[in-house]
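Source file: run-v7.csv (CSV, C-alpha atoms)
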chain,number,residue,atom,x,y,z
A,1,MET,CA,30.7,25.6,4.7
A,2,THR,CA,29.4,29.0,3.5
A,3,SER,CA,29.0,30.7,0.2
A,4,GLY,CA,31.4,33.7,0.8
A,5,PRO,CA,33.2,35.9,-0.1
A,6,GLU,CA,31.6,38.8,1.6
A,7,ARG,CA,32.4,41.2,-1.3
A,8,CYS,CA,32.2,40.7,-5.0
A,9,PRO,CA,33.0,43.6,-7.3
A,10,HIS,CA,30.1,42.7,-9.6
A,11,ALA,CA,27.5,41.8,-6.9
A,12,PRO,CA,24.5,42.0,-6.7
A,13,ARG,CA,24.1,42.0,-10.5
A,14,CYS,CA,26.5,39.1,-11.1
A,15,VAL,CA,25.0,36.7,-13.6
A,16,PRO,CA,27.6,33.9,-13.3
A,17,CYS,CA,26.7,33.2,-9.6
A,18,PRO,CA,22.9,33.0,-9.2
A,19,LEU,CA,23.2,31.0,-6.0
A,20,ARG,CA,25.6,33.3,-4.3
A,21,GLY,CA,24.5,33.8,-0.7
A,22,LEU,CA,22.8,30.4,-0.4
A,23,PRO,CA,24.6,28.2,2.1
A,24,TYR,CA,26.7,25.6,0.4
A,25,ARG,CA,24.9,22.6,1.9
A,26,SER,CA,21.7,24.0,0.5
A,27,GLN,CA,23.3,24.4,-2.9
A,28,LEU,CA,24.3,20.8,-2.9
A,29,ALA,CA,20.9,19.6,-1.7
A,30,ARG,CA,19.3,21.7,-4.5
A,31,LYS,CA,21.5,20.1,-7.1
A,32,ARG,CA,20.8,16.6,-5.9
A,33,ALA,CA,17.1,17.3,-6.0
A,34,LEU,CA,17.5,18.5,-9.6
A,35,VAL,CA,19.1,15.2,-10.6
A,36,GLN,CA,16.5,13.2,-8.8
A,37,ALA,CA,13.7,15.1,-10.4
A,38,ALA,CA,15.2,14.4,-13.9
A,39,LEU,CA,15.5,10.7,-13.0
A,40,ALA,CA,11.9,10.6,-11.7
A,41,SER,CA,10.6,12.1,-15.0
A,42,ALA,CA,11.6,8.8,-16.8
A,43,PRO,CA,9.3,5.9,-16.0
A,44,ALA,CA,12.0,3.3,-16.9
A,45,LEU,CA,14.2,4.8,-14.2
A,46,ALA,CA,11.8,4.1,-11.3
A,47,GLY,CA,13.7,3.2,-8.2
A,48,VAL,CA,17.0,4.8,-9.4
A,49,VAL,CA,18.2,7.0,-6.6
A,50,SER,CA,20.9,9.7,-6.9
A,51,GLU,CA,23.8,9.6,-4.5
A,52,ASP,CA,24.7,12.8,-2.6
A,53,VAL,CA,26.5,15.5,-4.6
A,54,VAL,CA,30.3,15.5,-4.3
A,55,GLY,CA,31.1,19.1,-3.4
A,56,SER,CA,33.9,21.3,-4.8
A,57,ARG,CA,37.0,22.0,-2.8
A,58,ASP,CA,36.8,25.7,-3.7
A,59,LEU,CA,33.6,27.7,-3.6
A,60,PHE,CA,35.1,30.7,-5.3
A,61,GLY,CA,38.2,31.1,-7.4
A,62,TYR,CA,37.6,27.6,-8.7
A,63,ARG,CA,36.9,28.5,-12.4
A,64,HIS,CA,40.1,28.2,-14.5
A,65,VAL,CA,38.4,29.4,-17.7
A,66,ALA,CA,37.0,32.8,-18.5
A,67,LYS,CA,35.3,33.5,-21.9
A,68,LEU,CA,34.1,37.1,-22.0
A,69,ALA,CA,32.6,39.4,-24.6
A,70,VAL,CA,34.2,42.9,-24.9
A,71,ARG,CA,32.1,46.1,-25.2
A,72,ALA,CA,32.8,49.8,-24.7
A,73,ARG,CA,31.5,52.1,-22.0
A,74,ARG,CA,30.2,55.5,-22.8
A,75,ASP,CA,33.6,57.0,-22.0
A,76,GLY,CA,35.3,54.7,-24.5
A,77,THR,CA,37.0,52.4,-22.0
A,78,LEU,CA,36.7,48.7,-22.5
A,79,ARG,CA,34.7,46.3,-20.4
A,80,ALA,CA,34.2,42.5,-20.5
A,81,GLY,CA,31.5,40.3,-19.3
A,82,VAL,CA,28.8,37.8,-19.9
A,83,TYR,CA,25.3,38.1,-21.3
A,84,ALA,CA,22.3,38.1,-18.9
A,85,PRO,CA,20.2,35.1,-19.6
A,86,GLU,CA,18.1,35.3,-22.8
A,87,THR,CA,19.3,38.8,-23.6
A,88,HIS,CA,22.2,40.7,-25.3
A,89,ARG,CA,22.7,42.8,-22.2
A,90,LEU,CA,26.3,42.5,-21.1
A,91,VAL,CA,27.0,42.2,-17.3
A,92,ASP,CA,30.6,43.0,-16.2
A,93,ALA,CA,32.6,39.9,-15.1
A,94,GLU,CA,36.3,40.6,-15.7
A,95,ARG,CA,36.8,40.5,-11.9
A,96,CYS,CA,34.3,37.7,-11.2
A,97,ALA,CA,34.9,36.1,-7.8
A,98,ALA,CA,34.2,32.6,-9.2
A,99,GLN,CA,37.3,32.7,-11.5
A,100,HIS,CA,40.8,32.2,-10.4
A,101,PRO,CA,42.5,35.5,-9.4
A,102,ALA,CA,45.2,35.1,-12.0
A,103,LEU,CA,42.5,35.3,-14.7
A,104,SER,CA,41.2,38.6,-13.3
A,105,GLU,CA,44.7,40.1,-13.2
A,106,VAL,CA,45.3,39.3,-16.9
A,107,LEU,CA,41.8,40.4,-18.1
A,108,VAL,CA,41.9,43.7,-16.3
A,109,ALA,CA,45.4,44.4,-17.7
A,110,VAL,CA,44.2,43.6,-21.3
A,111,LEU,CA,41.2,45.9,-21.1
A,112,GLU,CA,43.2,48.8,-19.7
A,113,GLU,CA,46.1,48.5,-22.1
A,114,ALA,CA,43.8,47.9,-25.1
A,115,THR,CA,41.9,51.1,-24.1
A,116,ARG,CA,45.3,53.0,-24.0
A,117,LEU,CA,46.1,51.7,-27.5
A,118,ARG,CA,42.7,52.8,-28.8
A,119,ILE,CA,41.7,49.3,-29.8
A,120,ALA,CA,37.9,49.6,-30.3
A,121,ALA,CA,35.4,47.2,-28.8
A,122,TYR,CA,33.3,45.2,-31.2
A,123,ASP,CA,29.7,46.5,-31.7
A,124,GLU,CA,27.5,43.5,-32.8
A,125,ARG,CA,24.7,45.8,-34.0
A,126,ARG,CA,26.8,47.8,-36.4
A,127,HIS,CA,29.2,44.9,-37.0
A,128,ALA,CA,32.1,47.4,-36.4
A,129,GLY,CA,35.0,47.5,-34.0
A,130,GLU,CA,37.9,45.2,-33.3
A,131,MET,CA,38.1,43.4,-30.0
A,132,ARG,CA,35.3,40.8,-29.7
A,133,TYR,CA,36.2,38.3,-27.0
A,134,LEU,CA,38.8,37.6,-24.4
A,135,VAL,CA,39.3,33.9,-23.5
A,136,ALA,CA,41.7,33.1,-20.7
A,137,ARG,CA,42.7,29.8,-19.1
A,138,TYR,CA,44.7,29.2,-16.0
A,139,GLY,CA,46.9,26.1,-15.7
A,140,GLY,CA,47.4,25.4,-12.0
A,141,TRP,CA,50.2,22.9,-12.5
A,142,ARG,CA,52.6,25.5,-14.1
A,143,ARG,CA,50.7,28.5,-12.8
A,144,ARG,CA,50.4,30.2,-16.2
A,145,VAL,CA,47.6,31.9,-18.0
A,146,GLN,CA,46.8,31.2,-21.7
A,147,LEU,CA,45.2,34.3,-23.3
A,148,VAL,CA,43.3,34.3,-26.6
A,149,LEU,CA,42.4,37.7,-28.2
A,150,VAL,CA,39.4,37.3,-30.6
A,151,THR,CA,39.3,40.2,-33.0
A,152,THR,CA,38.2,41.4,-36.4
A,153,LEU,CA,41.8,42.6,-37.1
A,154,HIS,CA,43.9,41.3,-39.9
A,155,GLU,CA,47.0,43.2,-38.9
A,156,THR,CA,48.6,42.3,-35.6
A,157,ASP,CA,51.0,45.2,-35.0
A,158,ARG,CA,48.8,46.7,-32.2
A,159,LEU,CA,48.0,43.3,-30.9
A,160,ARG,CA,51.7,42.5,-30.5
A,161,GLU,CA,52.2,45.8,-28.7
A,162,LEU,CA,49.3,44.9,-26.5
A,163,SER,CA,50.9,41.5,-25.8
A,164,ARG,CA,54.1,43.2,-24.8
A,165,ARG,CA,52.4,45.6,-22.4
A,166,VAL,CA,50.3,42.9,-20.8
A,167,ALA,CA,53.3,40.6,-20.4
A,168,ARG,CA,55.2,43.3,-18.6
A,169,ARG,CA,52.4,43.8,-16.1
A,170,CYS,CA,51.5,40.1,-15.5
A,171,ARG,CA,54.2,37.7,-14.6
A,172,VAL,CA,51.6,34.9,-14.6
A,173,LEU,CA,51.0,35.3,-18.3
A,174,GLY,CA,52.0,32.4,-20.6
A,175,GLY,CA,51.1,32.3,-24.2
A,176,ILE,CA,49.1,34.8,-26.1
A,177,ILE,CA,47.1,33.8,-29.2
A,178,HIS,CA,45.2,35.8,-31.8
A,179,ASN,CA,42.0,34.4,-33.2
A,180,TYR,CA,40.7,36.2,-36.3
A,181,ASN,CA,36.9,36.2,-36.4
A,182,PRO,CA,35.3,38.7,-38.8
A,183,GLU,CA,31.9,36.9,-39.1
A,184,ARG,CA,28.6,38.1,-37.7
A,185,GLY,CA,27.0,36.1,-35.0
A,186,ASN,CA,27.8,34.9,-31.5
A,187,VAL,CA,30.3,32.0,-32.4
A,188,VAL,CA,33.3,32.9,-30.3
A,189,PHE,CA,36.2,31.5,-32.4
A,190,GLY,CA,37.0,31.9,-36.1
A,191,PRO,CA,39.0,29.2,-37.9
A,192,THR,CA,42.4,30.9,-37.7
A,193,PHE,CA,44.7,31.0,-34.7
A,194,ALA,CA,48.1,32.7,-34.7
A,195,THR,CA,50.6,32.8,-31.8
A,196,LEU,CA,51.6,36.3,-30.7
A,197,ARG,CA,53.6,35.1,-27.7
A,198,PRO,CA,54.6,31.5,-27.2
A,199,PRO,CA,53.8,28.9,-26.0
A,200,ALA,CA,50.5,28.5,-27.7
A,201,ALA,CA,49.4,25.4,-25.7
A,202,LEU,CA,48.6,25.3,-22.0
A,203,VAL,CA,49.8,22.3,-20.0
A,204,GLU,CA,47.6,21.2,-17.1
A,205,ARG,CA,47.9,18.2,-14.8
A,206,ILE,CA,44.9,16.2,-13.6
A,207,GLY,CA,46.0,13.5,-11.2
A,208,GLU,CA,49.0,11.8,-12.8
A,209,ILE,CA,48.0,12.8,-16.3
A,210,GLU,CA,49.5,15.7,-18.1
A,211,LEU,CA,47.3,17.4,-20.7
A,212,GLU,CA,48.4,19.8,-23.4
A,213,VAL,CA,45.5,21.9,-24.5
A,214,SER,CA,45.6,24.2,-27.5
A,215,PRO,CA,43.3,27.3,-27.9
A,216,GLY,CA,39.8,26.2,-28.9
A,217,SER,CA,40.0,22.7,-27.3
A,218,PHE,CA,37.7,22.0,-24.3
A,219,LEU,CA,39.0,21.4,-20.8
A,220,GLN,CA,36.8,21.3,-17.7
A,221,VAL,CA,36.8,24.6,-15.8
A,222,ASN,CA,37.2,23.2,-12.3
A,223,PRO,CA,40.3,20.8,-12.3
A,224,TRP,CA,39.7,19.6,-8.7
A,225,THR,CA,36.2,18.4,-9.5
A,226,ALA,CA,37.2,17.1,-12.9
A,227,ARG,CA,39.8,14.9,-11.2
A,228,ARG,CA,37.1,13.4,-8.9
A,229,ILE,CA,34.8,12.8,-11.9
A,230,TYR,CA,37.5,10.9,-13.9
A,231,GLU,CA,38.5,8.9,-10.8
A,232,THR,CA,34.9,7.9,-10.3
A,233,ALA,CA,34.5,7.0,-13.9
A,234,LEU,CA,37.7,4.9,-13.8
A,235,GLU,CA,36.6,3.2,-10.6
A,236,TRP,CA,33.1,2.3,-12.0
A,237,ALA,CA,34.5,1.2,-15.3
A,238,ALA,CA,36.7,-1.2,-13.4
A,239,PRO,CA,38.9,-2.2,-16.3
A,240,GLU,CA,40.7,-5.5,-15.9
A,241,ARG,CA,44.0,-6.4,-17.3
A,242,GLU,CA,42.6,-7.9,-20.5
A,243,ALA,CA,39.8,-5.4,-20.9
A,244,ARG,CA,39.1,-3.5,-24.1
A,245,ALA,CA,37.5,-0.1,-23.7
A,246,LEU,CA,35.9,2.5,-26.0
A,247,ASP,CA,35.8,6.2,-24.9
A,248,LEU,CA,33.4,8.4,-26.9
A,249,TYR,CA,33.5,12.2,-27.0
A,250,CYS,CA,37.0,11.9,-25.6
A,251,GLY,CA,38.1,15.5,-26.0
A,252,VAL,CA,41.8,16.0,-25.4
A,253,GLY,CA,41.9,12.5,-23.8
A,254,PRO,CA,41.8,12.7,-19.9
A,255,LEU,CA,39.6,9.7,-19.4
A,256,SER,CA,41.1,7.8,-22.3
A,257,LEU,CA,44.5,8.1,-20.8
A,258,ALA,CA,43.2,7.1,-17.4
A,259,LEU,CA,41.6,4.0,-18.8
A,260,ALA,CA,44.8,3.1,-20.6
A,261,THR,CA,46.6,2.8,-17.3
A,262,ARG,CA,44.6,-0.3,-16.5
A,263,ALA,CA,43.0,-1.7,-19.7
A,264,ALA,CA,44.7,-3.8,-22.3
A,265,PHE,CA,43.6,-1.5,-25.1
A,266,VAL,CA,41.5,1.7,-25.5
A,267,VAL,CA,40.1,3.3,-28.6
A,268,ALA,CA,38.9,6.9,-28.1
A,269,VAL,CA,36.7,8.9,-30.5
A,270,GLU,CA,36.3,12.7,-30.9
A,271,GLU,CA,34.7,14.7,-33.7
A,272,SER,CA,36.9,17.9,-33.2
A,273,PRO,CA,40.1,17.8,-35.3
A,274,ARG,CA,41.7,20.3,-33.0
A,275,ALA,CA,40.9,18.2,-29.8
A,276,ILE,CA,42.0,14.9,-31.4
A,277,ALA,CA,45.4,16.5,-32.4
A,278,ASP,CA,45.8,17.6,-28.7
A,279,ALA,CA,44.8,14.1,-27.6
A,280,ARG,CA,47.5,12.4,-29.8
A,281,ARG,CA,50.1,14.8,-28.4
A,282,ASN,CA,48.9,13.9,-24.9
A,283,GLN,CA,49.3,10.2,-25.7
A,284,ARG,CA,52.9,10.8,-26.5
A,285,ARG,CA,53.4,13.1,-23.5
A,286,ASN,CA,52.1,10.4,-21.2
A,287,ARG,CA,53.7,7.5,-23.0
A,288,ARG,CA,50.5,5.4,-23.3
A,289,TYR,CA,50.9,3.1,-26.3
A,290,ASN,CA,47.9,0.9,-25.7
A,291,LEU,CA,45.6,3.6,-26.9
A,292,ARG,CA,44.3,4.8,-30.3
A,293,PHE,CA,42.5,8.1,-31.1
A,294,GLU,CA,40.0,8.2,-33.9
A,295,GLN,CA,38.6,11.4,-35.3
A,296,GLY,CA,35.0,11.4,-36.5
A,297,ASP,CA,31.3,11.3,-35.6
A,298,ALA,CA,30.6,8.9,-32.8
A,299,ALA,CA,27.8,7.0,-34.4
A,300,GLU,CA,29.7,6.6,-37.7
A,301,THR,CA,32.9,5.5,-36.0
A,302,ILE,CA,31.6,2.9,-33.5
A,303,ALA,CA,31.3,0.1,-36.1
A,304,ARG,CA,34.8,0.8,-37.4
A,305,VAL,CA,36.2,1.0,-33.9
A,306,GLY,CA,34.7,-2.4,-33.0
A,307,ALA,CA,36.7,-3.9,-35.8
A,308,THR,CA,39.8,-2.1,-34.7
A,309,LEU,CA,39.5,-3.6,-31.2
A,310,GLY,CA,39.3,-7.0,-32.7
A,311,ALA,CA,37.5,-8.5,-29.7
A,312,PRO,CA,34.3,-7.8,-27.6
A,313,VAL,CA,34.3,-4.4,-26.1
A,314,ASP,CA,34.1,-4.7,-22.3
A,315,ILE,CA,33.7,-1.0,-21.4
A,316,VAL,CA,32.2,2.0,-23.0
A,317,THR,CA,32.6,5.5,-21.5
A,318,LEU,CA,31.0,8.6,-23.0
A,319,ASN,CA,31.0,12.3,-22.1
A,320,PRO,CA,28.7,13.9,-24.7
A,321,PRO,CA,27.8,17.6,-25.0
A,322,ARG,CA,24.8,19.1,-23.2
A,323,LYS,CA,22.4,17.8,-25.9
A,324,GLY,CA,23.4,14.3,-24.9
A,325,ALA,CA,24.0,11.3,-27.2
A,326,SER,CA,21.9,10.6,-30.3
A,327,ALA,CA,19.6,7.6,-30.5
A,328,ALA,CA,21.9,6.2,-33.2
A,329,VAL,CA,25.0,6.4,-30.8
A,330,LEU,CA,23.1,4.7,-28.0
A,331,GLU,CA,21.9,1.9,-30.3
A,332,SER,CA,25.4,1.4,-31.6
A,333,ILE,CA,26.7,1.1,-28.1
A,334,ALA,CA,24.1,-1.5,-27.2
A,335,THR,CA,25.1,-3.6,-30.2
A,336,LEU,CA,28.6,-3.9,-28.7
A,337,ARG,CA,27.1,-5.5,-25.5
A,338,PRO,CA,29.7,-4.0,-23.1
A,339,ARG,CA,29.6,-5.3,-19.5
A,340,ARG,CA,29.8,-1.7,-18.2
A,341,ILE,CA,28.8,1.7,-19.5
A,342,VAL,CA,29.9,4.9,-17.7
A,343,TYR,CA,28.1,8.0,-18.8
A,344,ILE,CA,29.3,11.5,-17.8
A,345,SER,CA,26.7,14.2,-18.3
A,346,CYS,CA,26.5,17.9,-17.9
A,347,ASP,CA,22.7,18.0,-18.1
A,348,PRO,CA,20.4,15.9,-15.9
A,349,TRP,CA,17.4,16.0,-18.3
A,350,THR,CA,19.2,14.8,-21.4
A,351,LEU,CA,21.0,12.2,-19.1
A,352,ALA,CA,17.6,10.9,-17.9
A,353,ARG,CA,16.4,10.7,-21.5
A,354,ASP,CA,19.5,8.7,-22.6
A,355,LEU,CA,19.4,6.4,-19.5
A,356,GLU,CA,15.8,5.6,-20.4
A,357,ARG,CA,16.8,4.8,-24.0
A,358,LEU,CA,19.5,2.5,-22.8
A,359,ALA,CA,17.1,0.8,-20.5
A,360,ALA,CA,15.0,0.0,-23.5
A,361,LEU,CA,18.1,-1.5,-25.1
A,362,GLY,CA,18.8,-3.8,-22.2
A,363,PHE,CA,20.9,-1.7,-19.8
A,364,ARG,CA,20.0,-0.8,-16.3
A,365,THR,CA,21.2,2.2,-14.3
A,366,ALA,CA,23.1,0.9,-11.3
A,367,ARG,CA,24.6,4.1,-9.8
A,368,VAL,CA,24.2,7.8,-10.2
A,369,ARG,CA,26.6,10.3,-8.5
A,370,PRO,CA,26.4,14.1,-9.1
A,371,PHE,CA,29.4,16.5,-8.8
A,372,ASP,CA,29.5,20.2,-8.2
A,373,MET,CA,31.6,21.5,-11.1
A,374,LEU,CA,30.4,25.1,-10.8
A,375,PRO,CA,29.5,26.2,-7.2
A,376,GLN,CA,27.2,29.2,-6.9
A,377,THR,CA,25.4,28.1,-10.1
A,378,GLU,CA,22.5,25.7,-11.0
A,379,HIS,CA,24.9,23.5,-13.0
A,380,VAL,CA,25.6,19.9,-12.0
A,381,GLU,CA,27.7,17.2,-13.6
A,382,THR,CA,26.7,13.5,-13.1
A,383,VAL,CA,28.4,10.2,-13.5
A,384,SER,CA,26.2,7.1,-14.1
A,385,LEU,CA,27.0,3.4,-14.3
A,386,LEU,CA,25.0,1.1,-16.5
A,387,VAL,CA,25.2,-2.7,-16.7
A,388,PRO,CA,23.4,-5.3,-18.7
A,389,GLU,CA,20.1,-6.2,-17.1
A,390,ALA,CA,21.3,-9.7,-16.1
A,391,ALA,CA,24.3,-8.1,-14.3
A,392,ALA,CA,22.4,-5.5,-12.2
A,393,GLY,CA,22.2,-7.8,-9.2
A,394,SER,CA,25.9,-8.4,-9.0
A,395,VAL,CA,26.6,-4.6,-9.1
A,396,ARG,CA,24.2,-4.1,-6.2
A,397,SER,CA,26.0,-6.8,-4.1
A,398,GLU,CA,29.3,-5.2,-5.1
A,399,ARG,CA,28.2,-1.9,-3.6
A,400,ARG,CA,27.3,-3.6,-0.3
For this file, write the structure as structure tokens.
Amino acid sequence: MTSGPERCPHAPRCVPCPLRGLPYRSQLARKRALVQAALASAPALAGVVSEDVVGSRDLFGYRHVAKLAVRARRDGTLRAGVYAPETHRLVDAERCAAQHPALSEVLVAVLEEATRLRIAAYDERRHAGEMRYLVARYGGWRRRVQLVLVTTLHETDRLRELSRRVARRCRVLGGIIHNYNPERGNVVFGPTFATLRPPAALVERIGEIELEVSPGSFLQVNPWTARRIYETALEWAAPEREARALDLYCGVGPLSLALATRAAFVVAVEESPRAIADARRNQRRNRRYNLRFEQGDAAETIARVGATLGAPVDIVTLNPPRKGASAAVLESIATLRPRRIVYISCDPWTLARDLERLAALGFRTARVRPFDMLPQTEHVETVSLLVPEAAAGSVRSERR
């Protein structure tokens, strides 16, 4: 495998793809070495060896989400891109080769039509202008793009005209949503979403699970790799017919719904009200009735969830943000004494820190498998299996 394509409209200044040009096998080796270095930094994880990285099916065009800031060129035309690391210098990325071609088609059309309508780009220094961000998501199952226009505009007449023009140009376009964000700072979304062109939600399918995702909710950018991660998590969790499972940081519910296909009962916890509303819709969509979604902070909710399950918790899965899980969350998990913990991480260093904390609480890391969610970048996702110290030997024999 190679790291093509030969041409990228934003190369060689493309920020999103720092490993572009490095042979793909070398990229995977580099990511495995990163995970192994993180594990080796924790004395309690001595002897834990990372498996080989599971590669992505697609090396370019894999990214189904684009989140770009909008700025103006000197001639007044609009451009969109990402910030160079540790700067506020915008690097063009509306035609990024890593993102799905349908996203590029829609983003280019929006920028051109917004320029014709004289919708001004936002200027963060002067806190002036109108168009701040473009957020586009591609749903591969229905082959539609969900577009969010983040602006400082109260009135929507020009945005509705913009929506009509872009829809005429792009048959792949699905729903268009306006997000009003007049505040200073670099937080992308404001609190208010309004539908300019229905449907507001995007529907994606990962394996046998259908997921309805509203604007502002998180969904993995590479559906093919996401499916492999959830399949591995389900395999390692190994829920039996009478098992009771707890899924923390559940998002819109992909892993919760997968666990519910095998376990007796699942309780899933998520802090975001928007994501938990999507998760409950996905529960109805997939007709999984042995599942309950709880909205709240993970550490504060675990004790209540233990009472809800009404029996020992057999399995705990967690997929925290980049900062990892707090010590309070890990201590609460340990008090449940699950027979298996499956930890999905997007940062090897916070993962190693948390695995070491769990080791001190009586859980040993039995398996670590990295996944390449974002080819051409340094990013790596990892799935880890932990078991109580007394059960570690049985897991090793199970692998053989």
Tell me which residues come within 12 Å of (38.1, 29.5, -5.9), as a tab-separated table (two decimals) with C-alpha atoms, in the coordinates of the input, counting all atoms listed in the file in the file's coordinates.
chain	number	residue	atom	x	y	z
A	3	SER	CA	29.00	30.70	0.20
A	4	GLY	CA	31.40	33.70	0.80
A	5	PRO	CA	33.20	35.90	-0.10
A	56	SER	CA	33.90	21.30	-4.80
A	57	ARG	CA	37.00	22.00	-2.80
A	58	ASP	CA	36.80	25.70	-3.70
A	59	LEU	CA	33.60	27.70	-3.60
A	60	PHE	CA	35.10	30.70	-5.30
A	61	GLY	CA	38.20	31.10	-7.40
A	62	TYR	CA	37.60	27.60	-8.70
A	63	ARG	CA	36.90	28.50	-12.40
A	64	HIS	CA	40.10	28.20	-14.50
A	65	VAL	CA	38.40	29.40	-17.70
A	96	CYS	CA	34.30	37.70	-11.20
A	97	ALA	CA	34.90	36.10	-7.80
A	98	ALA	CA	34.20	32.60	-9.20
A	99	GLN	CA	37.30	32.70	-11.50
A	100	HIS	CA	40.80	32.20	-10.40
A	101	PRO	CA	42.50	35.50	-9.40
A	102	ALA	CA	45.20	35.10	-12.00
A	103	LEU	CA	42.50	35.30	-14.70
A	140	GLY	CA	47.40	25.40	-12.00
A	221	VAL	CA	36.80	24.60	-15.80
A	222	ASN	CA	37.20	23.20	-12.30
A	223	PRO	CA	40.30	20.80	-12.30
A	224	TRP	CA	39.70	19.60	-8.70
A	225	THR	CA	36.20	18.40	-9.50
A	373	MET	CA	31.60	21.50	-11.10
A	374	LEU	CA	30.40	25.10	-10.80
A	375	PRO	CA	29.50	26.20	-7.20
A	376	GLN	CA	27.20	29.20	-6.90
Show me, as a PDB file with C-alpha atoms, keeping the file's coordinate frame, the residues that have an atom within 12 Å of Glu331 (chain A) when counting all atoms listed in the file, minus same-chain residues fewer than 4 positions from it.
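Generated output (selection_33.pdb):
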ATOM      1  CA  ALA A 298      30.600   8.900 -32.800  1.00  0.00           C
ATOM      2  CA  ALA A 299      27.800   7.000 -34.400  1.00  0.00           C
ATOM      3  CA  GLU A 300      29.700   6.600 -37.700  1.00  0.00           C
ATOM      4  CA  ILE A 302      31.600   2.900 -33.500  1.00  0.00           C
ATOM      5  CA  ALA A 303      31.300   0.100 -36.100  1.00  0.00           C
ATOM      6  CA  ALA A 325      24.000  11.300 -27.200  1.00  0.00           C
ATOM      7  CA  SER A 326      21.900  10.600 -30.300  1.00  0.00           C
ATOM      8  CA  ALA A 327      19.600   7.600 -30.500  1.00  0.00           C
ATOM      9  CA  THR A 335      25.100  -3.600 -30.200  1.00  0.00           C
ATOM     10  CA  LEU A 336      28.600  -3.900 -28.700  1.00  0.00           C
ATOM     11  CA  ARG A 337      27.100  -5.500 -25.500  1.00  0.00           C
ATOM     12  CA  ASP A 354      19.500   8.700 -22.600  1.00  0.00           C
ATOM     13  CA  LEU A 355      19.400   6.400 -19.500  1.00  0.00           C
ATOM     14  CA  ARG A 357      16.800   4.800 -24.000  1.00  0.00           C
ATOM     15  CA  LEU A 358      19.500   2.500 -22.800  1.00  0.00           C
ATOM     16  CA  ALA A 359      17.100   0.800 -20.500  1.00  0.00           C
ATOM     17  CA  ALA A 360      15.000   0.000 -23.500  1.00  0.00           C
ATOM     18  CA  LEU A 361      18.100  -1.500 -25.100  1.00  0.00           C
ATOM     19  CA  GLY A 362      18.800  -3.800 -22.200  1.00  0.00           C
ATOM     20  CA  PHE A 363      20.900  -1.700 -19.800  1.00  0.00           C
TER      21      PHE A 363
END
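From CA of Phe189 (chain A) back to CA of Thr77 (chain A), the distance works out to 23.4 Å.
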Legend entry - Expected answer as a ChimeraX atom specification: all residues with atoms within 7 Å of (36.5, 12.8, -26.2), only C-alpha atoms: /A:247-253,268-270,319
Legend entry - Residues near Tyr289 (chain A), cut-off 10 Å, only C-alpha atoms, skip fewer than 4 positions along chain, as a PyMOL selection string: chain A and resi 257+260-261+265-266+283-284
Inset, instruction - Grab the CA of Thr192 (chain A) to CA of Ser217 (chain A) distance for me, in Å with one decimal place. - result: 13.5 Å
Can you list every residue of region 279-361 of chain A that has an atom at most 9 Å from region 381-391 of chain A, with its nearest atom pair and the distance in Å to one decimal, using all atoms listed in the file, ordered by chain then number, as a Markdown table?
| residue | atom | partner | partner_atom | distance |
| --- | --- | --- | --- | --- |
| A:Arg337 | CA | A:Pro388 | CA | 7.7 |
| A:Pro338 | CA | A:Pro388 | CA | 7.8 |
| A:Arg339 | CA | A:Val387 | CA | 5.8 |
| A:Arg340 | CA | A:Val387 | CA | 4.9 |
| A:Ile341 | CA | A:Leu386 | CA | 4.9 |
| A:Val342 | CA | A:Leu385 | CA | 4.7 |
| A:Tyr343 | CA | A:Ser384 | CA | 5.1 |
| A:Ile344 | CA | A:Val383 | CA | 4.6 |
| A:Ser345 | CA | A:Thr382 | CA | 5.2 |
| A:Cys346 | CA | A:Glu381 | CA | 4.5 |
| A:Asp347 | CA | A:Glu381 | CA | 6.8 |
| A:Pro348 | CA | A:Thr382 | CA | 7.3 |
| A:Leu351 | CA | A:Thr382 | CA | 8.4 |
| A:Leu355 | CA | A:Leu386 | CA | 8.3 |
| A:Leu358 | CA | A:Leu386 | CA | 8.5 |
| A:Ala359 | CA | A:Glu389 | CA | 8.3 |
Inset, instruction - Pick out the closest residue to Ser26 (chain A) from this set: A:Val53, A:Ile177, A:Ala243, A:Val145. Count all atoms listed in the file. - result: A:Val53
Inset, instruction - Write out as a list in words the residues lying within 10 Å of Glu124 (chain A), counting all atoms listed in the file and excluding same-chain residues fewer than 6 positions away. - result: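 Contacts, in chain order: Arg71, His88, Arg132, Arg184, Gly185 and Asn186 of chain A.
Interatomic distance, CA of Phe371 (chain A) against CA of Leu34 (chain A): 12.1 Å.
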Inset, instruction - Go through A:Glu242, A:Arg274, A:Gly324, A:Arg143 and flag the residue nearest Asn290 (chain A), using only C-alpha atoms for the distances. - result: A:Glu242
Fill-in result for region 358-362 of chain A, N, CA and C atoms as a compact mmCIF listing (two decimals), in the coordinates of the input:
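Writing the result to rebuild_4.txt gives the following:
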# COMPACT_ATOMS: atom_id res chain seq x y z
N LEU A 358 18.66 3.70 -23.02
CA LEU A 358 19.50 2.50 -22.80
C LEU A 358 18.80 1.44 -22.03
N ALA A 359 17.87 1.83 -21.17
CA ALA A 359 17.10 0.80 -20.50
C ALA A 359 16.26 0.00 -21.49
N ALA A 360 15.71 0.66 -22.50
CA ALA A 360 15.00 0.00 -23.50
C ALA A 360 15.85 -0.95 -24.37
N LEU A 361 17.17 -0.67 -24.35
CA LEU A 361 18.10 -1.50 -25.10
C LEU A 361 18.78 -2.56 -24.26
N GLY A 362 18.29 -2.71 -23.02
CA GLY A 362 18.80 -3.80 -22.20
C GLY A 362 19.78 -3.47 -21.14
